[in-house]
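Data file: run-v8.txt. Format and content: compact mmCIF, C-alpha atoms and all ligand atoms.
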```txt
# COMPACT_ATOMS: atom_id res chain seq x y z
CA MET A 1 20.53 -7.76 -18.98
CA ALA A 2 22.05 -10.87 -20.53
CA SER A 3 20.29 -12.26 -23.54
CA SER A 4 20.12 -15.77 -22.19
CA VAL A 5 21.04 -17.71 -19.13
CA THR A 6 24.21 -19.66 -19.49
CA ASP A 7 25.44 -20.44 -16.03
CA GLY A 8 23.23 -23.47 -15.36
CA ASP A 9 23.71 -27.07 -16.34
CA GLY A 10 20.10 -27.22 -17.42
CA PRO A 11 18.78 -28.53 -20.71
CA GLN A 12 19.22 -25.11 -22.30
CA LYS A 13 22.89 -25.89 -22.80
CA GLU A 14 22.10 -29.03 -24.71
CA GLU A 15 19.32 -27.60 -26.86
CA SER A 16 19.51 -24.13 -28.25
CA ALA A 17 16.83 -21.72 -27.16
CA SER A 18 15.23 -21.52 -30.52
CA GLY A 19 11.89 -19.99 -29.63
CA VAL A 20 8.41 -21.19 -30.36
CA SER A 21 8.43 -21.02 -34.10
CA SER A 22 10.57 -24.08 -34.45
CA GLY A 23 7.90 -26.76 -34.26
CA SER A 24 6.19 -28.93 -31.71
CA SER A 25 8.99 -31.37 -31.17
CA SER A 26 11.54 -28.77 -30.22
CA LYS A 27 11.91 -27.18 -26.84
CA ALA A 28 13.21 -23.80 -25.90
CA GLY A 29 14.91 -22.88 -22.68
CA LEU A 30 13.58 -19.93 -20.74
CA GLN A 31 15.33 -16.74 -21.71
CA ARG A 32 15.62 -13.55 -19.75
CA ASN A 33 14.83 -11.23 -22.59
CA ASN A 34 13.93 -11.30 -26.22
CA GLU A 35 17.11 -10.17 -27.92
CA ASP A 36 18.06 -13.62 -29.27
CA GLU A 37 14.49 -14.42 -30.23
CA GLY A 38 14.09 -11.04 -31.86
CA ALA A 39 17.24 -11.48 -33.91
CA VAL A 40 16.25 -14.97 -35.06
CA GLU A 41 12.78 -13.79 -36.01
CA MET A 42 14.26 -10.79 -37.82
CA ILE A 43 16.64 -12.94 -39.87
CA ARG A 44 13.84 -15.39 -40.64
CA ARG A 45 11.65 -12.56 -41.90
CA TYR A 46 14.49 -10.98 -43.81
CA LEU A 47 15.29 -14.21 -45.62
CA ALA A 48 11.63 -14.92 -46.25
CA GLU A 49 11.23 -11.46 -47.77
CA LYS A 50 14.32 -11.82 -49.95
CA LEU A 51 13.12 -15.23 -51.10
CA GLY A 52 9.73 -13.80 -51.90
CA PHE A 53 7.76 -15.43 -49.07
CA TYR A 54 7.27 -12.30 -47.03
CA GLU A 55 3.70 -11.07 -47.07
CA ASP A 56 3.23 -7.35 -47.25
CA LYS A 57 0.84 -6.36 -44.50
CA LYS A 58 0.09 -2.95 -46.04
CA LYS A 59 -0.81 -4.56 -49.35
CA GLU A 60 -3.08 -7.09 -47.67
CA VAL A 61 -4.87 -4.37 -45.76
CA SER A 62 -5.28 -2.12 -48.79
CA GLU A 63 -6.82 -5.04 -50.60
CA GLY A 64 -9.22 -5.43 -47.72
CA LYS A 65 -8.19 -9.01 -47.11
CA ALA A 66 -6.71 -8.79 -43.69
CA LYS A 67 -8.74 -6.19 -41.85
CA VAL A 68 -11.31 -7.75 -39.55
CA LEU A 69 -12.04 -4.98 -37.02
CA THR A 70 -14.27 -2.11 -38.05
CA GLU A 71 -11.87 0.04 -36.04
CA ALA A 72 -8.71 -0.72 -34.07
CA SER A 73 -10.21 0.16 -30.71
CA VAL A 74 -11.87 -1.53 -27.74
CA ASP A 75 -15.26 -0.84 -29.29
CA GLY A 76 -14.04 -2.43 -32.52
CA VAL A 77 -13.07 -5.54 -30.57
CA ILE A 78 -16.40 -5.61 -28.72
CA LYS A 79 -18.33 -5.38 -32.00
CA TYR A 80 -16.15 -8.13 -33.45
CA ILE A 81 -17.03 -10.43 -30.52
CA GLN A 82 -20.70 -9.48 -30.50
CA ASP A 83 -21.00 -10.14 -34.24
CA GLY A 84 -20.05 -13.74 -33.46
CA ASN A 85 -16.74 -13.52 -35.26
CA CYS A 86 -14.63 -15.24 -32.69
CA LYS A 87 -14.83 -18.64 -31.11
CA ASN A 88 -11.13 -19.23 -30.56
CA VAL A 89 -9.99 -16.56 -28.19
CA ILE A 90 -6.57 -17.09 -26.67
CA THR A 91 -5.63 -15.28 -23.50
CA MET A 92 -2.01 -14.75 -22.49
CA ALA A 93 -1.31 -13.62 -18.96
CA GLY A 94 1.50 -12.39 -16.78
CA ALA A 95 1.97 -11.34 -13.20
CA GLY A 96 -0.18 -8.22 -13.66
CA ILE A 97 -3.39 -10.27 -13.38
CA SER A 98 -2.42 -11.33 -9.88
CA THR A 99 -1.11 -8.10 -8.35
CA SER A 100 -4.56 -7.13 -7.08
CA ALA A 101 -4.57 -10.46 -5.20
CA GLY A 102 -1.50 -9.22 -3.31
CA ILE A 103 1.19 -10.99 -5.31
CA PRO A 104 3.87 -8.60 -6.58
CA ASP A 105 4.80 -8.66 -10.25
CA PHE A 106 8.45 -8.83 -11.28
CA ARG A 107 9.42 -5.64 -13.05
CA SER A 108 7.14 -2.80 -11.88
CA PRO A 109 9.45 -0.09 -10.53
CA GLY A 110 9.31 -0.03 -6.74
CA SER A 111 6.77 -2.79 -6.12
CA GLY A 112 8.12 -5.49 -8.48
CA LEU A 113 9.78 -8.51 -6.95
CA TYR A 114 13.08 -7.88 -8.70
CA HIS A 115 13.34 -4.50 -6.94
CA ASN A 116 12.80 -5.96 -3.50
CA LEU A 117 15.22 -8.81 -3.08
CA GLU A 118 18.11 -7.01 -1.34
CA LYS A 119 17.77 -9.14 1.79
CA TYR A 120 18.62 -12.25 -0.23
CA LYS A 121 22.00 -10.84 -1.25
CA LEU A 122 21.78 -12.24 -4.77
CA PRO A 123 24.37 -11.66 -7.49
CA ASP A 124 21.46 -10.15 -9.46
CA PRO A 125 17.70 -10.26 -8.80
CA GLN A 126 16.82 -12.84 -11.45
CA ALA A 127 19.37 -15.27 -9.96
CA ILE A 128 16.64 -16.35 -7.55
CA PHE A 129 14.96 -18.07 -10.52
CA GLU A 130 18.10 -19.36 -12.22
CA ILE A 131 18.66 -23.09 -12.14
CA GLY A 132 22.46 -22.80 -11.79
CA PHE A 133 22.18 -20.50 -8.81
CA PHE A 134 19.45 -22.65 -7.26
CA GLN A 135 21.61 -25.76 -7.49
CA ARG A 136 24.37 -23.97 -5.60
CA ASN A 137 22.16 -22.14 -3.13
CA PRO A 138 18.46 -23.12 -2.93
CA GLN A 139 17.72 -21.31 0.36
CA PRO A 140 16.82 -17.86 -1.05
CA PHE A 141 14.24 -19.38 -3.38
CA PHE A 142 12.54 -21.33 -0.57
CA THR A 143 12.50 -18.30 1.72
CA LEU A 144 10.78 -16.34 -1.04
CA ALA A 145 8.48 -19.28 -1.83
CA LYS A 146 7.17 -19.19 1.73
CA GLU A 147 6.34 -15.51 1.35
CA LEU A 148 4.58 -16.00 -1.98
CA TYR A 149 3.15 -19.44 -1.40
CA PRO A 150 0.19 -20.16 -3.68
CA GLY A 151 -2.92 -20.95 -1.74
CA SER A 152 -2.68 -17.86 0.39
CA PHE A 153 -4.28 -15.70 -2.31
CA LYS A 154 -7.64 -15.39 -4.05
CA PRO A 155 -8.10 -15.15 -7.84
CA THR A 156 -8.87 -11.70 -9.19
CA THR A 157 -11.61 -10.31 -11.41
CA SER A 158 -9.25 -10.93 -14.34
CA HIS A 159 -9.03 -14.65 -13.55
CA TYR A 160 -12.81 -14.91 -13.37
CA PHE A 161 -13.16 -12.97 -16.62
CA ILE A 162 -11.07 -15.67 -18.31
CA ARG A 163 -13.27 -18.33 -16.74
CA LEU A 164 -16.33 -16.49 -18.07
CA LEU A 165 -14.84 -16.37 -21.58
CA ASN A 166 -14.58 -20.13 -21.34
CA GLU A 167 -18.10 -20.58 -20.04
CA LYS A 168 -19.38 -18.48 -22.95
CA GLY A 169 -17.71 -20.96 -25.32
CA LEU A 170 -15.20 -18.41 -26.61
CA LEU A 171 -11.93 -19.54 -25.05
CA ARG A 172 -9.60 -21.81 -26.97
CA ARG A 173 -6.81 -21.71 -24.39
CA HIS A 174 -5.31 -19.65 -21.62
CA TYR A 175 -1.51 -19.33 -21.57
CA THR A 176 -0.07 -18.11 -18.33
CA GLN A 177 3.42 -17.27 -17.15
CA ASN A 178 2.20 -17.29 -13.58
CA ILE A 179 3.00 -20.02 -11.12
CA ASP A 180 0.45 -18.96 -8.53
CA THR A 181 -2.13 -21.52 -9.76
CA LEU A 182 -4.88 -18.88 -9.48
CA GLU A 183 -6.37 -19.88 -12.84
CA ARG A 184 -7.03 -23.35 -11.41
CA VAL A 185 -8.41 -21.89 -8.20
CA ALA A 186 -10.71 -19.67 -10.29
CA GLY A 187 -12.24 -22.82 -11.78
CA LEU A 188 -10.76 -22.75 -15.28
CA PRO A 189 -10.58 -26.40 -16.42
CA ALA A 190 -7.05 -27.86 -16.54
CA GLU A 191 -7.30 -28.67 -20.26
CA LYS A 192 -7.83 -24.98 -21.00
CA ILE A 193 -4.69 -23.88 -19.15
CA VAL A 194 -1.10 -23.89 -20.34
CA GLU A 195 1.20 -23.09 -17.44
CA ALA A 196 4.12 -21.99 -19.56
CA HIS A 197 6.45 -21.40 -16.65
CA GLY A 198 5.33 -24.49 -14.78
CA THR A 199 3.48 -24.84 -11.52
CA PHE A 200 3.80 -25.45 -7.80
CA HIS A 201 1.32 -28.29 -8.17
CA THR A 202 4.02 -30.96 -8.28
CA SER A 203 7.73 -31.08 -7.38
CA HIS A 204 10.63 -33.32 -8.30
CA CYS A 205 13.93 -34.32 -6.75
CA LEU A 206 16.71 -32.81 -8.83
CA GLU A 207 18.76 -36.01 -8.39
CA CYS A 208 16.52 -39.10 -8.61
CA LYS A 209 13.43 -37.31 -10.09
CA GLN A 210 11.11 -38.65 -7.38
CA GLU A 211 7.81 -36.74 -7.57
CA TYR A 212 6.24 -35.00 -4.58
CA GLU A 213 2.75 -33.58 -4.19
CA ILE A 214 1.92 -29.98 -3.36
CA GLU A 215 0.95 -30.80 0.25
CA TRP A 216 4.38 -32.33 0.93
CA MET A 217 6.14 -29.30 -0.54
CA LYS A 218 3.91 -26.94 1.43
CA GLU A 219 4.87 -28.60 4.72
CA GLN A 220 8.57 -28.39 3.84
CA ILE A 221 8.36 -24.74 2.86
CA PHE A 222 6.43 -23.76 5.95
CA SER A 223 8.82 -25.64 8.23
CA ASP A 224 11.59 -23.37 6.90
CA SER A 225 13.72 -26.21 5.60
CA VAL A 226 15.19 -26.75 2.15
CA PRO A 227 13.12 -29.73 0.94
CA THR A 228 15.25 -32.83 0.47
CA CYS A 229 14.29 -36.12 -1.12
CA GLU A 230 13.18 -38.89 1.20
CA LYS A 231 14.88 -41.42 -1.07
CA CYS A 232 18.24 -39.92 -2.01
CA ASN A 233 18.54 -36.68 -0.04
CA GLY A 234 18.71 -34.56 -3.22
CA VAL A 235 17.11 -31.10 -3.22
CA VAL A 236 13.44 -31.17 -4.28
CA LYS A 237 12.29 -28.29 -6.48
CA PRO A 238 8.73 -27.30 -7.37
CA ASP A 239 8.03 -27.87 -11.06
CA ILE A 240 8.26 -24.20 -11.95
CA VAL A 241 10.49 -23.30 -14.86
CA PHE A 242 13.70 -21.57 -13.92
CA PHE A 243 15.87 -19.57 -16.30
CA GLY A 244 18.03 -22.14 -18.05
CA GLU A 245 15.36 -24.87 -17.98
CA ASN A 246 13.05 -26.02 -20.73
CA LEU A 247 9.42 -25.07 -20.80
CA PRO A 248 6.88 -27.88 -20.29
CA THR A 249 6.20 -30.05 -23.36
CA ARG A 250 2.56 -28.98 -23.17
CA PHE A 251 3.55 -25.41 -23.98
CA PHE A 252 4.93 -26.52 -27.34
CA SER A 253 2.31 -29.10 -28.23
CA CYS A 254 -0.58 -26.74 -27.46
CA ASN A 255 0.77 -23.60 -29.10
CA GLU A 256 1.44 -25.51 -32.28
CA LYS A 257 -2.28 -26.40 -32.47
CA ASP A 258 -3.78 -23.27 -30.99
CA PHE A 259 -2.23 -20.17 -32.45
CA SER A 260 -3.00 -20.70 -36.11
CA LYS A 261 -6.69 -21.01 -35.10
CA CYS A 262 -6.75 -17.94 -32.89
CA ASP A 263 -9.31 -15.32 -33.88
CA LEU A 264 -8.73 -12.93 -30.97
CA LEU A 265 -5.68 -12.66 -28.76
CA ILE A 266 -6.05 -10.97 -25.38
CA ILE A 267 -2.85 -10.25 -23.47
CA LEU A 268 -3.25 -9.33 -19.84
CA GLY A 269 -0.77 -8.02 -17.27
CA SER A 270 2.55 -8.88 -18.87
CA SER A 271 5.61 -6.89 -19.85
CA LEU A 272 6.18 -9.51 -22.60
CA ALA A 273 9.84 -9.42 -21.66
CA VAL A 274 10.56 -13.13 -21.36
CA GLN A 275 11.00 -15.61 -24.19
CA PRO A 276 9.77 -17.81 -25.67
CA PHE A 277 6.40 -16.81 -24.18
CA ALA A 278 6.53 -13.25 -25.52
CA SER A 279 6.92 -14.31 -29.14
CA LEU A 280 3.61 -16.17 -29.07
CA ILE A 281 1.96 -12.89 -29.98
CA ASP A 282 3.43 -13.28 -33.48
CA ARG A 283 2.08 -16.77 -33.98
CA VAL A 284 -1.54 -15.74 -34.54
CA PRO A 285 -2.81 -15.25 -38.13
CA LYS A 286 -1.81 -11.88 -39.54
CA GLU A 287 -5.36 -10.55 -39.53
CA CYS A 288 -6.08 -11.67 -35.94
CA PRO A 289 -6.92 -8.77 -33.62
CA ARG A 290 -4.71 -8.44 -30.54
CA LEU A 291 -5.90 -6.64 -27.42
CA LEU A 292 -3.46 -5.73 -24.67
CA ILE A 293 -4.86 -4.96 -21.23
CA ASN A 294 -2.00 -3.66 -19.14
CA ARG A 295 -0.77 -0.66 -17.20
CA GLU A 296 1.73 0.08 -19.95
CA LYS A 297 2.24 -0.75 -23.60
CA ALA A 298 4.19 -3.97 -24.12
CA GLY A 299 5.42 -6.23 -26.88
CA GLN A 300 5.90 -3.47 -29.42
CA ARG A 301 8.08 -3.88 -32.49
CA ASP A 302 11.66 -3.05 -31.79
CA ARG A 303 13.27 -0.11 -33.56
CA LEU A 304 15.52 -2.17 -35.80
CA MET A 305 12.64 -4.25 -37.09
CA THR A 306 10.58 -1.16 -37.71
CA LEU A 307 13.47 0.38 -39.65
CA LEU A 308 13.71 -2.78 -41.71
CA GLY A 309 9.97 -2.65 -42.28
CA MET A 310 9.49 -6.00 -40.60
CA GLY A 311 6.26 -6.39 -38.73
CA SER A 312 6.99 -8.37 -35.65
CA GLY A 313 5.47 -7.52 -32.28
CA MET A 314 2.57 -5.24 -31.43
CA ASP A 315 1.93 -2.19 -33.56
CA PHE A 316 -0.35 0.15 -31.64
CA ASP A 317 0.71 3.50 -32.99
CA SER A 318 1.50 3.35 -36.68
CA ASP A 319 -0.89 4.49 -39.40
CA ASP A 320 -0.88 0.94 -40.74
CA ASN A 321 -2.27 -0.53 -37.57
CA PHE A 322 -5.55 -2.28 -38.20
CA ARG A 323 -5.70 -4.89 -35.44
CA ASP A 324 -3.66 -4.05 -32.32
CA VAL A 325 -5.42 -2.34 -29.43
CA ALA A 326 -3.92 -1.25 -26.11
CA TRP A 327 -6.24 -0.60 -23.20
CA LEU A 328 -4.05 0.93 -20.52
CA GLY A 329 -5.02 0.57 -16.89
CA ASP A 330 -5.60 -2.10 -14.27
CA CYS A 331 -6.44 -5.55 -15.58
CA ASP A 332 -9.41 -6.02 -13.28
CA GLU A 333 -10.93 -2.73 -14.42
CA GLY A 334 -10.22 -3.61 -18.04
CA CYS A 335 -11.87 -7.00 -17.67
CA GLN A 336 -14.87 -5.52 -15.91
CA MET A 337 -15.13 -2.86 -18.62
CA LEU A 338 -15.04 -5.49 -21.38
CA SER A 339 -17.64 -7.58 -19.56
CA ASP A 340 -19.90 -4.56 -19.08
CA LYS A 341 -19.70 -3.74 -22.77
CA LEU A 342 -20.41 -7.37 -23.65
CA GLY A 343 -23.40 -7.42 -21.30
CA TRP A 344 -21.80 -9.82 -18.82
CA GLY A 345 -20.80 -7.23 -16.24
CA ASP A 346 -23.20 -8.32 -13.48
CA GLU A 347 -22.44 -11.96 -14.10
CA LEU A 348 -18.73 -11.28 -13.61
CA SER A 349 -19.09 -9.26 -10.43
CA THR A 350 -21.48 -11.80 -8.92
CA LEU A 351 -19.12 -14.64 -9.82
CA VAL A 352 -16.22 -12.86 -8.11
CA LYS A 353 -18.25 -12.16 -4.98
CA GLU A 354 -19.62 -15.69 -4.68
CA GLU A 355 -16.32 -17.41 -5.38
CA HIS A 356 -14.43 -15.22 -2.91
CA ALA A 357 -16.98 -16.02 -0.22
CA ARG A 358 -16.66 -19.73 -0.96
CA ILE A 359 -12.85 -19.60 -0.81
CA ASP A 360 -12.89 -17.63 2.46
CA LYS A 361 -15.16 -20.24 3.99
CA GLU A 362 -12.98 -23.11 2.82
CA LYS A 363 -9.85 -21.42 4.13
CA LYS A 364 -11.42 -20.96 7.54
CA GLU A 365 -12.35 -24.62 7.68
CA GLU A 366 -8.88 -25.67 6.54
CA ALA A 367 -7.22 -23.40 9.10
CA SER A 368 -9.18 -24.92 11.94
CA LYS A 369 -8.31 -28.42 10.70
CA ARG A 370 -4.60 -27.46 10.58
CA LYS A 371 -4.76 -26.18 14.12
CA ILE A 372 -5.87 -29.61 15.26
CA LYS A 373 -3.28 -31.42 13.10
CA TYR A 374 -0.37 -29.10 13.86
CA PRO A 375 -0.81 -27.75 17.41
CA SER A 376 2.70 -26.24 17.23
CA GLU A 377 1.43 -23.91 14.48
CA LYS A 378 -1.39 -22.89 16.77
CA LYS A 379 1.07 -22.08 19.56
CA ARG A 380 3.28 -20.10 17.17
CA ALA A 381 0.28 -18.14 15.95
CA GLU A 382 -0.84 -17.43 19.51
CA SER A 383 2.59 -16.24 20.64
CA LYS A 384 2.79 -14.00 17.56
CA ASN A 385 -0.49 -12.37 18.59
CA HIS A 386 0.73 -11.64 22.13
P1 LIG A 401 6.38 -8.36 -15.29
O1 LIG A 401 6.58 -7.89 -13.89
O2 LIG A 401 7.55 -8.37 -16.18
O3 LIG A 401 5.27 -7.48 -16.01
C1 LIG A 401 4.03 -7.26 -15.40
C2 LIG A 401 3.27 -6.24 -16.23
O4 LIG A 401 1.99 -6.10 -15.71
C3 LIG A 401 3.91 -4.87 -16.27
O5 LIG A 401 3.83 -4.35 -17.57
C4 LIG A 401 3.05 -4.06 -15.30
O6 LIG A 401 2.97 -2.69 -15.64
C5 LIG A 401 1.72 -4.72 -15.47
N1 LIG A 401 0.84 -4.69 -14.30
C6 LIG A 401 1.14 -4.92 -13.00
N2 LIG A 401 0.02 -4.91 -12.25
C7 LIG A 401 -1.01 -4.66 -13.08
C8 LIG A 401 -2.41 -4.53 -12.93
N3 LIG A 401 -3.00 -4.68 -11.76
N4 LIG A 401 -3.14 -4.27 -14.03
C9 LIG A 401 -2.56 -4.13 -15.24
N5 LIG A 401 -1.24 -4.24 -15.46
C10 LIG A 401 -0.47 -4.52 -14.40
O7 LIG A 401 5.71 -9.80 -15.20
P2 LIG A 401 5.57 -10.89 -16.36
O8 LIG A 401 5.37 -10.27 -17.67
O9 LIG A 401 4.58 -11.88 -15.88
O10 LIG A 401 9.52 -15.80 -14.94
O11 LIG A 401 7.02 -11.55 -16.29
C11 LIG A 401 7.31 -12.67 -17.08
C12 LIG A 401 8.25 -13.60 -16.39
O12 LIG A 401 9.37 -12.86 -15.87
C13 LIG A 401 7.68 -14.27 -15.19
O13 LIG A 401 6.93 -15.42 -15.49
C14 LIG A 401 8.90 -14.63 -14.38
C15 LIG A 401 9.73 -13.38 -14.58
O14 LIG A 401 11.09 -13.58 -14.54
C16 LIG A 401 10.21 -16.60 -14.12
O15 LIG A 401 10.41 -16.34 -12.97
C17 LIG A 401 10.72 -17.83 -14.72
```
Can you give me the file's structure in the form of structure tokens?
Amino acid sequence: MASSVTDGDGPQKEESASGVSSGSSSKAGLQRNNEDEGAVEMIRRYLAEKLGFYEDKKKEVSEGKAKVLTEASVDGVIKYIQDGNCKNVITMAGAGISTSAGIPDFRSPGSGLYHNLEKYKLPDPQAIFEIGFFQRNPQPFFTLAKELYPGSFKPTTSHYFIRLLNEKGLLRRHYTQNIDTLERVAGLPAEKIVEAHGTFHTSHCLECKQEYEIEWMKEQIFSDSVPTCEKCNGVVKPDIVFFGENLPTRFFSCNEKDFSKCDLLIILGSSLAVQPFASLIDRVPKECPRLLINREKAGQRDRLMTLLGMGSGMDFDSDDNFRDVAWLGDCDEGCQMLSDKLGWGDELSTLVKEEHARIDKEKKEEASKRKIKYPSEKKRAESKNH
């Protein structure tokens, strides 16, 4: 896999993809993997160490300064929360929190989106989200968008767990790579959400930048046409971040303020394979516990860094580990398990049940309204059923 996207004319070409550690005013283009970021971080650490700035994690721990969990385990994390030690939890999410809603993730073998795009005849699967490819051929993206259109799915237990964290006064911010808007649907307030890879909520014309609302885009997508601007006829693209485009300014301004304050990082359902999002895990204070809830381990230190003794990335398995915990399994189960242990289990399951019932009811009402507004849809639906 290439280390960065270079075939688009997007802002990435003008500004180097420098990652998140470069300050709030800088922007970083979306990268397909973390090789560049890893190398930059490694050199930074190496120089810092040689210049005497590098802090020795082992030394800190042996001096008892850095260790905040009684044990690096789920129970250690639960005790840490229950003892009132954290008020600035940051959650970071990927596609794995939405798979139980019926939305495929990207990289899971077999079921992941990138393994199921043959019909689009792409040069490579990730081309569907590359700005250069999109500018040349937007159709495959819009065909896929219809299939995965947000609004057709309900938030999962994991989304409601994040909402509950907020309602308990523990959540500083939720960072998501997902574009399905399910955090919003789950009732997490907008100011608590950073949609790092953008959102379907708004769209813009690639030529004249005219903005379009979600309802307009939805109609275009469902009428099977490539949306074109009513003013200049340019292609209109939802404001999701494609490879080769910059992340939203909010991603940079928020992470600059948030991560130094973080006292517990919870990562849910992500392979942590895409930068600059993945490197956020290294922006928390060095004593901050990090809990991964995922089907597989992710974000671990790469071999070269380990050989160089440089502590970047998650460190679940070494003897030195004092703060990284991996709970392996389904996110919804993990979130329910955490809630049970924290004494919020019933609250979470009731919230899920009630919210799902409310959404179902609203969808029914909306569907009957649409039938009146768009009788052709009704006819299509009827002929499909015959
Ligand atoms: P990935 O598909 O790369 O990773 C999803 C992770 O979630 C994997 O580690 C899965 O094993 C795990 N997983 C799947 N379902 C799960 C479940 N129910 N419970 C627990 N774990 C589960 O998705 P992301 O990390 O979100 O960007 O991918 C990051 C970015 O890559 C996306 O935002 C997207 C993609 O290219 C763009 O399209 C711009």
Rows by chain and residue number, segment 291-373 of chain A within 7 Å of segment 64-79 of chain A, shortest pair, all atoms listed in the file, as a tab-separated table:
```
residue	atom	partner	partner_atom	distance
A:Phe322	CA	A:Ala72	CA	5.4
A:Arg323	CA	A:Ala72	CA	5.3
A:Asp324	CA	A:Ala72	CA	6.3
A:Val325	CA	A:Ser73	CA	5.6
A:Leu342	CA	A:Ile78	CA	6.7
```
Export of the given selection (C-alpha atoms) as a JSON list (two decimals), in the coordinates of the input:
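This is the output file part.json:
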```
[["chain", "number", "residue", "atom", "x", "y", "z"],
["A", 322, "PHE", "CA", -5.55, -2.28, -38.20],
["A", 323, "ARG", "CA", -5.70, -4.89, -35.44],
["A", 324, "ASP", "CA", -3.66, -4.05, -32.32],
["A", 325, "VAL", "CA", -5.42, -2.34, -29.43],
["A", 342, "LEU", "CA", -20.41, -7.37, -23.65]]
```
Find the residues near Ala101 of chain A: any atom within 8 Å, counting all atoms listed in the file, skip ones fewer than 3 places away on the same chain, and give them as a list in words.
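The neighbour list is Ser98, Phe153, Lys154, Pro155 and Thr156 of chain A.
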Surrounding residues as a list in words, ligand LIG 401 (chain A), max 6 Å, all atoms listed in the file:
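Those within range of ligand LIG 401 (chain A) are Gly94, Ala95, Gly96, Ile97, Thr99, Ser100, Asp105, Phe106, Arg107, Ser108, Phe129, Gln177, Asn178, His197, Val241, Phe242, Phe243, Gly269, Ser270, Ser271, Leu272, Val274, Asn294, Arg295, Glu296, Gly329, Asp330 and Cys331 of chain A.
Here atom CA of Thr176 of chain A is placed at a distance of 27.4 Å from atom CA of Glu366 of chain A.
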If I take atom CA of Ala278 of chain A and atom CA of Tyr160 of chain A, how far is one from the other in Å, to one decimal?
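Going from atom CA of Ala278 of chain A over to atom CA of Tyr160 of chain A covers 22.9 Å.
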As an exercise, work out the distance from atom CA of Ile214 of chain A to atom CA of Asp124 of chain A in Å and give it to one decimal place.
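Rounded to one decimal, the two atoms are 28.5 Å apart.
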Fewer than 5 positions away in the same chain doesn't count, so skip those; otherwise give me all residues within 8 Å of Asp263 of chain A, counting all atoms listed in the file, as a ChimeraX atom specification.
/A:85-90,284-285,288-289
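Nearest to Met314 of chain A of all the residues A:Asp282, A:Asp340, A:Glu118, A:Glu195 is A:Asp282, based on all atoms listed in the file.
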For Pro248 of chain A, which residue among A:Cys335, A:Ala186, A:Leu171, A:Ala196 is the nearest when counting all atoms listed in the file?
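Answer, going by the shortest atom-to-atom distance: A:Ala196.
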From the options A:Leu170, A:Glu362, A:Arg163, A:Phe134, which residue's atoms come nearest to Arg184 of chain A, counting only C-alpha atoms?
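Once distances to Arg184 of chain A are computed over only C-alpha atoms, the minimum belongs to A:Arg163.
Shortest atom-to-atom contact with Leu148 of chain A among A:Lys369, A:Lys218, A:Arg173, A:Lys192: A:Lys218, counting all atoms listed in the file.
All polymer residues at most 12 Å from (9.8, -26.8, 9.5), using all atoms listed in the file, appear as Phe142, Thr143, Lys146, Trp216, Met217, Lys218, Glu219, Gln220, Ile221, Phe222, Ser223, Asp224, Ser225, Val226, Pro227, Tyr374, Ser376 and Glu377 of chain A.
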Please provide the set of residues having any atom within 8 Å of Asp258 of chain A, restricted to all atoms listed in the file, with same-chain residues fewer than 4 positions apart removed, written as an mmCIF file with C-alpha atoms, in the coordinates of the input.
```
data_model
loop_
_atom_site.group_PDB
_atom_site.id
_atom_site.type_symbol
_atom_site.label_atom_id
_atom_site.label_comp_id
_atom_site.auth_asym_id
_atom_site.auth_seq_id
_atom_site.Cartn_x
_atom_site.Cartn_y
_atom_site.Cartn_z
ATOM 1 C CA ARG A 172 -9.600 -21.810 -26.970
ATOM 2 C CA ARG A 173 -6.810 -21.710 -24.390
ATOM 3 C CA CYS A 254 -0.580 -26.740 -27.460
ATOM 4 C CA CYS A 262 -6.750 -17.940 -32.890
#
```
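Between Thr249 of chain A and the candidates A:Val194, A:Leu264, A:Glu167, A:Cys208, the tightest atom-to-atom separation, counting only C-alpha atoms, involves A:Val194.
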Which residue is closest to Ile240 of chain A? Choose from A:Leu30, A:Leu113, A:Leu182, A:Leu122 and count all atoms listed in the file.
A:Leu30
